[in-house]
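Participant: The structure file run_19.pdb (PDB, C-alpha atoms, pLDDT in the B column) is provided below.
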ATOM      1  CA  MET A   1     164.309 -59.515 -38.919  1.00 71.00           C
ATOM      2  CA  ASN A   2     162.897 -56.025 -38.575  1.00 94.00           C
ATOM      3  CA  ILE A   3     159.163 -55.311 -38.878  1.00 96.00           C
ATOM      4  CA  ARG A   4     159.241 -54.616 -42.618  1.00 96.00           C
ATOM      5  CA  GLU A   5     161.157 -57.822 -43.283  1.00 96.00           C
ATOM      6  CA  ARG A   6     158.648 -59.777 -41.226  1.00 97.00           C
ATOM      7  CA  LEU A   7     155.749 -58.255 -43.151  1.00 97.00           C
ATOM      8  CA  LEU A   8     157.394 -59.057 -46.473  1.00 97.00           C
ATOM      9  CA  ALA A   9     157.920 -62.647 -45.307  1.00 97.00           C
ATOM     10  CA  LEU A  10     154.213 -62.919 -44.399  1.00 97.00           C
ATOM     11  CA  GLY A  11     153.021 -61.633 -47.776  1.00 97.00           C
ATOM     12  CA  GLU A  12     151.032 -63.874 -50.110  1.00 97.00           C
ATOM     13  CA  PRO A  13     150.977 -62.914 -53.817  1.00 97.00           C
ATOM     14  CA  ALA A  14     147.457 -64.252 -54.376  1.00 97.00           C
ATOM     15  CA  TYR A  15     146.112 -62.373 -51.363  1.00 97.00           C
ATOM     16  CA  ARG A  16     147.963 -59.248 -52.478  1.00 97.00           C
ATOM     17  CA  ASP A  17     146.209 -59.414 -55.844  1.00 97.00           C
ATOM     18  CA  PHE A  18     142.842 -59.991 -54.163  1.00 97.00           C
ATOM     19  CA  SER A  19     143.372 -57.031 -51.830  1.00 97.00           C
ATOM     20  CA  ALA A  20     144.439 -54.822 -54.721  1.00 96.00           C
ATOM     21  CA  SER A  21     141.199 -55.643 -56.541  1.00 96.00           C
ATOM     22  CA  LEU A  22     139.240 -54.236 -53.576  1.00 96.00           C
ATOM     23  CA  LEU A  23     141.442 -51.159 -53.205  1.00 96.00           C
ATOM     24  CA  PRO A  24     141.740 -49.490 -56.625  1.00 92.00           C
ATOM     25  CA  GLY A  25     144.535 -46.960 -56.753  1.00 92.00           C
ATOM     26  CA  VAL A  26     146.236 -48.202 -53.574  1.00 95.00           C
ATOM     27  CA  GLU A  27     149.894 -49.047 -54.130  1.00 95.00           C
ATOM     28  CA  HIS A  28     152.547 -50.997 -52.239  1.00 97.00           C
ATOM     29  CA  ILE A  29     150.355 -53.838 -50.971  1.00 98.00           C
ATOM     30  CA  ILE A  30     152.280 -56.824 -49.600  1.00 98.00           C
ATOM     31  CA  GLY A  31     149.361 -59.211 -49.146  1.00 98.00           C
ATOM     32  CA  VAL A  32     149.429 -59.978 -45.401  1.00 98.00           C
ATOM     33  CA  ARG A  33     146.238 -61.426 -43.979  1.00 97.00           C
ATOM     34  CA  LEU A  34     144.485 -59.623 -41.125  1.00 96.00           C
ATOM     35  CA  PRO A  35     144.954 -62.373 -38.492  1.00 96.00           C
ATOM     36  CA  ALA A  36     148.711 -62.301 -39.080  1.00 97.00           C
ATOM     37  CA  LEU A  37     148.762 -58.509 -38.771  1.00 97.00           C
ATOM     38  CA  ARG A  38     146.792 -58.678 -35.522  1.00 97.00           C
ATOM     39  CA  ARG A  39     149.170 -61.266 -34.063  1.00 97.00           C
ATOM     40  CA  LEU A  40     152.142 -59.093 -34.942  1.00 97.00           C
ATOM     41  CA  ALA A  41     150.447 -56.004 -33.468  1.00 97.00           C
ATOM     42  CA  ARG A  42     149.801 -57.814 -30.178  1.00 97.00           C
ATOM     43  CA  GLU A  43     153.417 -58.937 -30.088  1.00 97.00           C
ATOM     44  CA  ILE A  44     154.617 -55.357 -30.619  1.00 97.00           C
ATOM     45  CA  VAL A  45     152.337 -54.089 -27.844  1.00 97.00           C
ATOM     46  CA  ARG A  46     153.957 -56.495 -25.389  1.00 97.00           C
ATOM     47  CA  GLY A  47     157.264 -54.692 -25.971  1.00 96.00           C
ATOM     48  CA  ASP A  48     158.363 -51.131 -26.744  1.00 96.00           C
ATOM     49  CA  TRP A  49     155.330 -50.166 -28.759  1.00 96.00           C
ATOM     50  CA  GLN A  50     155.974 -46.430 -28.294  1.00 96.00           C
ATOM     51  CA  GLY A  51     159.407 -46.842 -29.862  1.00 96.00           C
ATOM     52  CA  TYR A  52     157.897 -48.859 -32.713  1.00 96.00           C
ATOM     53  CA  LEU A  53     155.373 -46.112 -33.492  1.00 97.00           C
ATOM     54  CA  ARG A  54     158.095 -43.443 -33.437  1.00 95.00           C
ATOM     55  CA  GLU A  55     160.218 -45.365 -35.931  1.00 95.00           C
ATOM     56  CA  ALA A  56     157.542 -47.078 -38.049  1.00 95.00           C
ATOM     57  CA  ASN A  57     157.641 -46.752 -41.822  1.00 93.00           C
ATOM     58  CA  ASP A  58     154.662 -45.774 -43.960  1.00 94.00           C
ATOM     59  CA  LEU A  59     155.507 -47.011 -47.459  1.00 96.00           C
ATOM     60  CA  TYR A  60     153.523 -50.237 -47.439  1.00 97.00           C
ATOM     61  CA  PHE A  61     149.774 -50.494 -46.926  1.00 97.00           C
ATOM     62  CA  GLU A  62     150.321 -53.123 -44.229  1.00 98.00           C
ATOM     63  CA  GLU A  63     152.845 -50.958 -42.379  1.00 98.00           C
ATOM     64  CA  ARG A  64     150.205 -48.289 -41.868  1.00 98.00           C
ATOM     65  CA  MET A  65     147.514 -50.832 -41.001  1.00 98.00           C
ATOM     66  CA  LEU A  66     149.817 -52.404 -38.428  1.00 98.00           C
ATOM     67  CA  GLN A  67     150.399 -49.006 -36.804  1.00 98.00           C
ATOM     68  CA  GLY A  68     146.645 -48.513 -36.450  1.00 97.00           C
ATOM     69  CA  MET A  69     146.284 -51.935 -34.838  1.00 97.00           C
ATOM     70  CA  VAL A  70     149.107 -51.213 -32.393  1.00 98.00           C
ATOM     71  CA  ILE A  71     147.452 -47.936 -31.395  1.00 97.00           C
ATOM     72  CA  GLY A  72     144.195 -49.810 -30.830  1.00 96.00           C
ATOM     73  CA  TYR A  73     145.808 -52.517 -28.681  1.00 96.00           C
ATOM     74  CA  ALA A  74     148.222 -50.257 -26.798  1.00 96.00           C
ATOM     75  CA  PRO A  75     147.693 -50.014 -23.003  1.00 94.00           C
ATOM     76  CA  CYS A  76     147.533 -46.233 -22.885  1.00 94.00           C
ATOM     77  CA  SER A  77     145.325 -43.538 -21.409  1.00 95.00           C
ATOM     78  CA  PRO A  78     142.389 -42.101 -23.394  1.00 96.00           C
ATOM     79  CA  GLU A  79     144.374 -38.871 -23.768  1.00 97.00           C
ATOM     80  CA  GLU A  80     147.357 -40.667 -25.291  1.00 97.00           C
ATOM     81  CA  PHE A  81     145.083 -42.762 -27.481  1.00 97.00           C
ATOM     82  CA  LEU A  82     143.537 -39.595 -28.904  1.00 97.00           C
ATOM     83  CA  ARG A  83     146.954 -38.028 -29.451  1.00 97.00           C
ATOM     84  CA  LEU A  84     148.096 -41.122 -31.338  1.00 97.00           C
ATOM     85  CA  THR A  85     144.835 -41.248 -33.268  1.00 98.00           C
ATOM     86  CA  ALA A  86     145.126 -37.623 -34.370  1.00 97.00           C
ATOM     87  CA  ALA A  87     148.669 -38.314 -35.603  1.00 97.00           C
ATOM     88  CA  HIS A  88     147.588 -41.467 -37.457  1.00 97.00           C
ATOM     89  CA  LEU A  89     144.505 -40.125 -39.263  1.00 97.00           C
ATOM     90  CA  PRO A  90     146.489 -38.295 -41.997  1.00 96.00           C
ATOM     91  CA  LYS A  91     148.051 -41.652 -42.968  1.00 97.00           C
ATOM     92  CA  ILE A  92     144.642 -43.133 -43.833  1.00 97.00           C
ATOM     93  CA  ASP A  93     143.905 -42.920 -47.551  1.00 96.00           C
ATOM     94  CA  ASN A  94     141.498 -45.800 -48.180  1.00 97.00           C
ATOM     95  CA  TRP A  95     138.465 -47.454 -46.618  1.00 97.00           C
ATOM     96  CA  SER A  96     140.341 -50.557 -45.453  1.00 97.00           C
ATOM     97  CA  LEU A  97     142.893 -48.641 -43.382  1.00 97.00           C
ATOM     98  CA  CYS A  98     140.063 -46.589 -41.936  1.00 98.00           C
ATOM     99  CA  ASP A  99     137.739 -49.429 -41.008  1.00 97.00           C
ATOM    100  CA  SER A 100     140.480 -51.605 -39.522  1.00 95.00           C
ATOM    101  CA  PHE A 101     141.481 -48.675 -37.295  1.00 96.00           C
ATOM    102  CA  CYS A 102     137.938 -48.153 -35.993  1.00 95.00           C
ATOM    103  CA  ARG A 103     137.159 -50.474 -33.077  1.00 93.00           C
ATOM    104  CA  ARG A 104     134.988 -50.994 -30.057  1.00 94.00           C
ATOM    105  CA  LEU A 105     136.092 -48.487 -27.450  1.00 96.00           C
ATOM    106  CA  ARG A 106     137.044 -49.157 -23.858  1.00 95.00           C
ATOM    107  CA  PRO A 107     134.629 -47.595 -21.350  1.00 95.00           C
ATOM    108  CA  ALA A 108     137.047 -44.826 -20.332  1.00 96.00           C
ATOM    109  CA  GLU A 109     137.555 -43.865 -23.988  1.00 96.00           C
ATOM    110  CA  ARG A 110     133.919 -43.435 -24.953  1.00 97.00           C
ATOM    111  CA  GLU A 111     133.197 -39.832 -23.971  1.00 97.00           C
ATOM    112  CA  PRO A 112     136.637 -38.464 -24.942  1.00 97.00           C
ATOM    113  CA  VAL A 113     136.332 -40.124 -28.357  1.00 98.00           C
ATOM    114  CA  TRP A 114     132.758 -38.882 -28.754  1.00 98.00           C
ATOM    115  CA  ARG A 115     134.018 -35.332 -28.281  1.00 98.00           C
ATOM    116  CA  PHE A 116     136.955 -36.023 -30.603  1.00 98.00           C
ATOM    117  CA  ILE A 117     134.838 -37.196 -33.547  1.00 98.00           C
ATOM    118  CA  ASP A 118     132.273 -34.380 -33.256  1.00 97.00           C
ATOM    119  CA  PRO A 119     134.110 -31.969 -35.616  1.00 97.00           C
ATOM    120  CA  LEU A 120     135.277 -34.771 -37.917  1.00 98.00           C
ATOM    121  CA  PHE A 121     131.789 -35.222 -39.354  1.00 98.00           C
ATOM    122  CA  ARG A 122     132.312 -31.814 -40.984  1.00 97.00           C
ATOM    123  CA  ALA A 123     136.010 -32.266 -41.841  1.00 97.00           C
ATOM    124  CA  GLU A 124     137.463 -31.660 -45.290  1.00 97.00           C
ATOM    125  CA  GLY A 125     139.193 -35.043 -45.435  1.00 97.00           C
ATOM    126  CA  GLU A 126     137.135 -37.941 -46.815  1.00 98.00           C
ATOM    127  CA  TYR A 127     138.626 -40.467 -44.421  1.00 98.00           C
ATOM    128  CA  GLU A 128     138.326 -38.215 -41.404  1.00 98.00           C
ATOM    129  CA  VAL A 129     134.590 -38.169 -42.096  1.00 98.00           C
ATOM    130  CA  ARG A 130     134.544 -41.922 -42.628  1.00 98.00           C
ATOM    131  CA  PHE A 131     136.490 -42.470 -39.404  1.00 98.00           C
ATOM    132  CA  ALA A 132     133.892 -40.456 -37.497  1.00 98.00           C
ATOM    133  CA  ALA A 133     130.968 -42.325 -39.063  1.00 98.00           C
ATOM    134  CA  VAL A 134     132.437 -45.811 -38.588  1.00 98.00           C
ATOM    135  CA  THR A 135     133.526 -45.036 -35.027  1.00 98.00           C
ATOM    136  CA  GLY A 136     129.978 -43.801 -34.447  1.00 98.00           C
ATOM    137  CA  LEU A 137     128.285 -46.928 -35.768  1.00 98.00           C
ATOM    138  CA  ASN A 138     130.628 -49.142 -33.753  1.00 97.00           C
ATOM    139  CA  ASN A 139     130.123 -47.328 -30.456  1.00 98.00           C
ATOM    140  CA  PHE A 140     127.404 -44.688 -30.276  1.00 98.00           C
ATOM    141  CA  THR A 141     124.069 -46.146 -31.350  1.00 98.00           C
ATOM    142  CA  ASP A 142     123.040 -46.453 -27.702  1.00 97.00           C
ATOM    143  CA  VAL A 143     120.058 -44.603 -26.227  1.00 96.00           C
ATOM    144  CA  GLU A 144     122.222 -41.806 -24.858  1.00 97.00           C
ATOM    145  CA  HIS A 145     123.960 -40.942 -28.121  1.00 98.00           C
ATOM    146  CA  LEU A 146     121.633 -42.075 -30.921  1.00 98.00           C
ATOM    147  CA  ASP A 147     119.849 -38.787 -31.579  1.00 97.00           C
ATOM    148  CA  ALA A 148     123.090 -36.814 -31.532  1.00 98.00           C
ATOM    149  CA  LEU A 149     124.764 -39.365 -33.808  1.00 98.00           C
ATOM    150  CA  LEU A 150     121.912 -39.085 -36.314  1.00 98.00           C
ATOM    151  CA  GLY A 151     122.298 -35.315 -36.144  1.00 98.00           C
ATOM    152  CA  HIS A 152     125.997 -35.629 -36.944  1.00 98.00           C
ATOM    153  CA  LEU A 153     125.312 -38.014 -39.818  1.00 98.00           C
ATOM    154  CA  GLY A 154     122.713 -35.647 -41.204  1.00 97.00           C
ATOM    155  CA  SER A 155     125.245 -32.807 -41.165  1.00 97.00           C
ATOM    156  CA  VAL A 156     127.745 -34.568 -43.462  1.00 97.00           C
ATOM    157  CA  ARG A 157     128.084 -32.842 -46.840  1.00 97.00           C
ATOM    158  CA  HIS A 158     131.354 -34.355 -48.005  1.00 97.00           C
ATOM    159  CA  GLU A 159     131.115 -35.482 -51.635  1.00 97.00           C
ATOM    160  CA  GLY A 160     133.618 -38.334 -51.317  1.00 97.00           C
ATOM    161  CA  TYR A 161     132.112 -41.735 -52.109  1.00 97.00           C
ATOM    162  CA  TYR A 162     133.632 -43.488 -49.099  1.00 97.00           C
ATOM    163  CA  ALA A 163     132.496 -40.745 -46.719  1.00 98.00           C
ATOM    164  CA  ARG A 164     128.929 -40.878 -48.021  1.00 98.00           C
ATOM    165  CA  MET A 165     128.800 -44.673 -47.985  1.00 98.00           C
ATOM    166  CA  ALA A 166     130.012 -44.690 -44.382  1.00 98.00           C
ATOM    167  CA  VAL A 167     127.153 -42.362 -43.462  1.00 98.00           C
ATOM    168  CA  ALA A 168     124.654 -44.670 -45.171  1.00 98.00           C
ATOM    169  CA  TRP A 169     126.145 -47.676 -43.367  1.00 98.00           C
ATOM    170  CA  ALA A 170     125.968 -45.849 -40.040  1.00 98.00           C
ATOM    171  CA  VAL A 171     122.332 -44.867 -40.591  1.00 98.00           C
ATOM    172  CA  SER A 172     121.472 -48.514 -41.277  1.00 98.00           C
ATOM    173  CA  VAL A 173     123.149 -49.561 -38.003  1.00 98.00           C
ATOM    174  CA  CYS A 174     121.232 -46.828 -36.171  1.00 98.00           C
ATOM    175  CA  TYR A 175     118.035 -48.232 -37.645  1.00 98.00           C
ATOM    176  CA  ALA A 176     118.914 -51.741 -36.472  1.00 97.00           C
ATOM    177  CA  ALA A 177     119.571 -50.358 -32.976  1.00 97.00           C
ATOM    178  CA  ASP A 178     116.348 -48.312 -32.769  1.00 97.00           C
ATOM    179  CA  PRO A 179     113.962 -48.671 -35.730  1.00 97.00           C
ATOM    180  CA  ASP A 180     111.329 -46.354 -34.261  1.00 96.00           C
ATOM    181  CA  ARG A 181     113.549 -43.349 -33.587  1.00 97.00           C
ATOM    182  CA  THR A 182     115.667 -43.778 -36.702  1.00 98.00           C
ATOM    183  CA  GLY A 183     112.615 -44.478 -38.846  1.00 97.00           C
ATOM    184  CA  ALA A 184     110.988 -41.251 -37.655  1.00 96.00           C
ATOM    185  CA  TRP A 185     114.212 -39.355 -38.405  1.00 97.00           C
ATOM    186  CA  LEU A 186     114.214 -40.815 -41.918  1.00 97.00           C
ATOM    187  CA  GLY A 187     110.733 -39.426 -42.598  1.00 93.00           C
ATOM    188  CA  GLU A 188     109.902 -36.228 -44.404  1.00 87.00           C
ATOM    189  CA  GLY A 189     112.397 -33.510 -43.529  1.00 91.00           C
ATOM    190  CA  CYS A 190     115.334 -35.888 -43.083  1.00 95.00           C
ATOM    191  CA  PRO A 191     118.514 -33.790 -43.500  1.00 96.00           C
ATOM    192  CA  LEU A 192     120.438 -36.397 -45.486  1.00 97.00           C
ATOM    193  CA  PRO A 193     121.345 -35.447 -49.072  1.00 96.00           C
ATOM    194  CA  GLU A 194     119.300 -37.316 -51.672  1.00 95.00           C
ATOM    195  CA  TRP A 195     122.063 -39.729 -52.731  1.00 96.00           C
ATOM    196  CA  THR A 196     122.999 -40.652 -49.162  1.00 97.00           C
ATOM    197  CA  TYR A 197     119.350 -40.973 -48.183  1.00 97.00           C
ATOM    198  CA  GLY A 198     118.752 -43.491 -50.962  1.00 96.00           C
ATOM    199  CA  ARG A 199     121.833 -45.502 -50.052  1.00 97.00           C
ATOM    200  CA  SER A 200     120.815 -45.488 -46.383  1.00 98.00           C
ATOM    201  CA  LEU A 201     117.421 -46.965 -47.207  1.00 97.00           C
ATOM    202  CA  GLN A 202     119.062 -49.554 -49.446  1.00 97.00           C
ATOM    203  CA  LYS A 203     121.481 -50.595 -46.698  1.00 97.00           C
ATOM    204  CA  ILE A 204     118.544 -51.043 -44.300  1.00 97.00           C
ATOM    205  CA  LEU A 205     116.674 -53.132 -46.863  1.00 97.00           C
ATOM    206  CA  GLU A 206     119.758 -55.326 -47.367  1.00 96.00           C
ATOM    207  CA  SER A 207     120.229 -55.947 -43.645  1.00 94.00           C
ATOM    208  CA  ARG A 208     119.333 -59.383 -42.346  1.00 92.00           C
ATOM    209  CA  ARG A 209     118.141 -57.747 -39.138  1.00 92.00           C
ATOM    210  CA  THR A 210     115.342 -55.885 -40.931  1.00 95.00           C
ATOM    211  CA  THR A 211     111.941 -57.545 -40.465  1.00 95.00           C
ATOM    212  CA  ALA A 212     109.309 -57.842 -43.184  1.00 96.00           C
ATOM    213  CA  GLU A 213     107.231 -55.125 -41.508  1.00 96.00           C
ATOM    214  CA  GLN A 214     110.211 -52.802 -41.261  1.00 96.00           C
ATOM    215  CA  ARG A 215     111.106 -53.505 -44.882  1.00 96.00           C
ATOM    216  CA  ALA A 216     107.634 -52.419 -45.915  1.00 96.00           C
ATOM    217  CA  ASP A 217     108.062 -49.175 -43.927  1.00 95.00           C
ATOM    218  CA  ILE A 218     111.376 -48.455 -45.629  1.00 96.00           C
ATOM    219  CA  LEU A 219     109.912 -49.161 -49.053  1.00 96.00           C
ATOM    220  CA  ARG A 220     107.182 -46.624 -48.314  1.00 95.00           C
ATOM    221  CA  LEU A 221     109.818 -44.071 -47.344  1.00 94.00           C
ATOM    222  CA  ARG A 222     111.658 -44.760 -50.583  1.00 94.00           C
ATOM    223  CA  GLU A 223     108.533 -44.296 -52.684  1.00 92.00           C
ATOM    224  CA  ALA A 224     107.684 -41.064 -50.864  1.00 89.00           C
ATOM    225  CA  SER A 225     111.207 -39.804 -51.539  1.00 85.00           C
ATOM    226  CA  LYS A 226     110.845 -40.584 -55.236  1.00 83.00           C
ATOM    227  CA  LEU A 227     107.583 -38.658 -55.364  1.00 78.00           C
ATOM    228  CA  ARG A 228     109.150 -35.634 -53.676  1.00 73.00           C
ATOM    229  CA  THR A 229     112.032 -35.728 -56.123  1.00 72.00           C
ATOM    230  CA  ALA A 230     109.673 -35.998 -59.104  1.00 71.00           C
ATOM    231  CA  ARG A 231     107.747 -32.893 -57.986  1.00 68.00           C
ATOM    232  CA  ARG A 232     110.845 -30.684 -57.922  1.00 63.00           C
TER     233      ARG A 232
END
Translate the structure described by the file into structure tokens.

Facilitator:
Amino acid sequence: MNIRERLLALGEPAYRDFSASLLPGVEHIIGVRLPALRRLAREIVRGDWQGYLREANDLYFEERMLQGMVIGYAPCSPEEFLRLTAAHLPKIDNWSLCDSFCRRLRPAEREPVWRFIDPLFRAEGEYEVRFAAVTGLNNFTDVEHLDALLGHLGSVRHEGYYARMAVAWAVSVCYAADPDRTGAWLGEGCPLPEWTYGRSLQKILESRRTTAEQRADILRLREASKLRTARR
């Protein structure tokens, strides 16, 4: 069987319907579970994965997700990884394809990818922005990059829901990594747009890693934001 035939054989109608309920507007879902896709991706990487990527089809949701997984597993240089990533990004049209493509980076990939995502925070494409934000929260909340990452997140002005929610998610992960620095950034003068700011605070409040004391600090920030908005 070829790759498409194998994916069709792995599909589960009930899981397809469940996935479709989480991905409104996304068509051509087979219903293949993530562990099965990962196993297939690892199998492909053990063979001619370059040939697979050259010939891969894009019709089905799982075909594009599988390509992203193969790129992530492929034993290639950071330069080739970035070339493959740049070619794959236009195929991403929903949050699930985006988030499954974002992963923990190998040490040699970190700085090249950091430079790669820099302009994506200001890109026109919703999922380019989301890719940058989710890659950031997965890899760049460390001491060296945190302030710059917050600066990038604060620069996002894309109106797409999934771009803005990714920024809010990333801010909450930054807060978990360094509550003092991120909390200070979230104070008066924070560059986040009002909607994203509110969602960021909500994500922090919902996090299990937020302590009672930190929750009280975030609630104070939320009340102060409401007062500022009311005075306008």

Participant: Using the chain letters and numbers from the file, which residues does the PyMOL selection byres ((chain A and resi 152) around 12) grab, as a PyMOL selection string?

Facilitator: chain A and resi 114-115+117-123+129+132-133+136-137+140+145-151+153-157+167+170-171+191-192

Participant: Rounded to one decimal in Å, what is the spacing between CA of Thr196 in chain A and CA of Met165 in chain A?

Facilitator: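 If I compute the distance from CA of Thr196 in chain A to CA of Met165 in chain A, I get 7.2 Å.
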
Participant: So what do you get for CA of Gln67 in chain A versus CA of Val45 in chain A, distance-wise?

Facilitator: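 CA of Val45 in chain A lies 10.5 Å from CA of Gln67 in chain A.
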
Participant: Record the distance separating CA of Asp93 in chain A and CA of Leu10 in chain A, expressed in Å with one decimal.

Facilitator: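 Separating CA of Asp93 in chain A from CA of Leu10 in chain A is a distance of 22.7 Å.
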
Participant: What lies within 10 Å of Ile44 in chain A using only C-alpha atoms, ignoring chain neighbours under 3 positions off, as a ChimeraX atom specification?

Facilitator: /A:3,38-41,47-53,66-67,69-70,73-74

Participant: Please define a box with edges along x, y and z of the file around all atoms of range 215-221 of chain A given in the file, extend it by 4 Å on each side, and return its centre and edge lengths in Å to one decimal, as JSON.

Facilitator:
{"center_x": 109.3, "center_y": -48.8, "center_z": -46.5, "size_x": 12.2, "size_y": 17.4, "size_z": 13.1}

Participant: For the file shown, report as a ChimeraX atom specification the outcome of the PyMOL selection byres ((chain A and resi 105) around 12) at residue level.

Facilitator: /A:72-73,78,81-82,101-104,106-114,135-140

Participant: Output C-alpha atoms for every residue in the selection just made, as a tab-separated table (two decimals), keeping the file's coordinate frame.

Facilitator:
chain	number	residue	atom	x	y	z
A	72	GLY	CA	144.20	-49.81	-30.83
A	73	TYR	CA	145.81	-52.52	-28.68
A	78	PRO	CA	142.39	-42.10	-23.39
A	81	PHE	CA	145.08	-42.76	-27.48
A	82	LEU	CA	143.54	-39.60	-28.90
A	101	PHE	CA	141.48	-48.68	-37.30
A	102	CYS	CA	137.94	-48.15	-35.99
A	103	ARG	CA	137.16	-50.47	-33.08
A	104	ARG	CA	134.99	-50.99	-30.06
A	106	ARG	CA	137.04	-49.16	-23.86
A	107	PRO	CA	134.63	-47.60	-21.35
A	108	ALA	CA	137.05	-44.83	-20.33
A	109	GLU	CA	137.56	-43.86	-23.99
A	110	ARG	CA	133.92	-43.44	-24.95
A	111	GLU	CA	133.20	-39.83	-23.97
A	112	PRO	CA	136.64	-38.46	-24.94
A	113	VAL	CA	136.33	-40.12	-28.36
A	114	TRP	CA	132.76	-38.88	-28.75
A	135	THR	CA	133.53	-45.04	-35.03
A	136	GLY	CA	129.98	-43.80	-34.45
A	137	LEU	CA	128.28	-46.93	-35.77
A	138	ASN	CA	130.63	-49.14	-33.75
A	139	ASN	CA	130.12	-47.33	-30.46
A	140	PHE	CA	127.40	-44.69	-30.28

Participant: Please write the residues picked by the PyMOL selection byres ((chain A and resi 177) around 10) on this file as a PDB file with C-alpha atoms, keeping the file's coordinate frame.

Facilitator:
ATOM      1  CA  LEU A 137     128.285 -46.928 -35.768  1.00 98.00           C
ATOM      2  CA  THR A 141     124.069 -46.146 -31.350  1.00 98.00           C
ATOM      3  CA  ASP A 142     123.040 -46.453 -27.702  1.00 97.00           C
ATOM      4  CA  VAL A 143     120.058 -44.603 -26.227  1.00 96.00           C
ATOM      5  CA  LEU A 146     121.633 -42.075 -30.921  1.00 98.00           C
ATOM      6  CA  VAL A 171     122.332 -44.867 -40.591  1.00 98.00           C
ATOM      7  CA  SER A 172     121.472 -48.514 -41.277  1.00 98.00           C
ATOM      8  CA  VAL A 173     123.149 -49.561 -38.003  1.00 98.00           C
ATOM      9  CA  CYS A 174     121.232 -46.828 -36.171  1.00 98.00           C
ATOM     10  CA  TYR A 175     118.035 -48.232 -37.645  1.00 98.00           C
ATOM     11  CA  ALA A 176     118.914 -51.741 -36.472  1.00 97.00           C
ATOM     12  CA  ASP A 178     116.348 -48.312 -32.769  1.00 97.00           C
ATOM     13  CA  PRO A 179     113.962 -48.671 -35.730  1.00 97.00           C
ATOM     14  CA  ASP A 180     111.329 -46.354 -34.261  1.00 96.00           C
ATOM     15  CA  ARG A 181     113.549 -43.349 -33.587  1.00 97.00           C
ATOM     16  CA  THR A 182     115.667 -43.778 -36.702  1.00 98.00           C
ATOM     17  CA  ARG A 209     118.141 -57.747 -39.138  1.00 92.00           C
TER      18      ARG A 209
END

Participant: Would you kindly place N, CA and C atoms on range 85-99 of chain A and return the model as a tab-separated table (two decimals), keeping the file's coordinate frame?

Facilitator:
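Dumped everything to part35.tsv:
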chain	number	residue	atom	x	y	z
A	85	THR	N	145.85	-41.19	-32.21
A	85	THR	CA	144.84	-41.25	-33.27
A	85	THR	C	144.92	-40.03	-34.17
A	86	ALA	N	145.03	-38.85	-33.58
A	86	ALA	CA	145.13	-37.62	-34.37
A	86	ALA	C	146.35	-37.65	-35.27
A	87	ALA	N	147.45	-38.23	-34.80
A	87	ALA	CA	148.67	-38.31	-35.60
A	87	ALA	C	148.54	-39.35	-36.71
A	88	HIS	N	147.71	-40.38	-36.48
A	88	HIS	CA	147.59	-41.47	-37.46
A	88	HIS	C	146.57	-41.15	-38.57
A	89	LEU	N	145.57	-40.37	-38.28
A	89	LEU	CA	144.50	-40.12	-39.26
A	89	LEU	C	145.03	-39.63	-40.61
A	90	PRO	N	146.01	-38.74	-40.68
A	90	PRO	CA	146.49	-38.30	-42.00
A	90	PRO	C	147.11	-39.41	-42.84
A	91	LYS	N	147.46	-40.54	-42.23
A	91	LYS	CA	148.05	-41.65	-42.97
A	91	LYS	C	146.99	-42.53	-43.64
A	92	ILE	N	145.73	-42.30	-43.31
A	92	ILE	CA	144.64	-43.13	-43.83
A	92	ILE	C	144.18	-42.57	-45.17
A	93	ASP	N	144.31	-43.38	-46.23
A	93	ASP	CA	143.90	-42.92	-47.55
A	93	ASP	C	143.03	-43.92	-48.29
A	94	ASN	N	142.43	-44.86	-47.55
A	94	ASN	CA	141.50	-45.80	-48.18
A	94	ASN	C	140.59	-46.38	-47.10
A	95	TRP	N	139.49	-46.97	-47.55
A	95	TRP	CA	138.46	-47.45	-46.62
A	95	TRP	C	138.98	-48.58	-45.73
A	96	SER	N	139.88	-49.41	-46.23
A	96	SER	CA	140.34	-50.56	-45.45
A	96	SER	C	141.19	-50.11	-44.27
A	97	LEU	N	142.11	-49.17	-44.49
A	97	LEU	CA	142.89	-48.64	-43.38
A	97	LEU	C	141.99	-47.98	-42.35
A	98	CYS	N	140.98	-47.27	-42.84
A	98	CYS	CA	140.06	-46.59	-41.94
A	98	CYS	C	139.28	-47.58	-41.08
A	99	ASP	N	138.64	-48.54	-41.73
A	99	ASP	CA	137.74	-49.43	-41.01
A	99	ASP	C	138.48	-50.37	-40.07
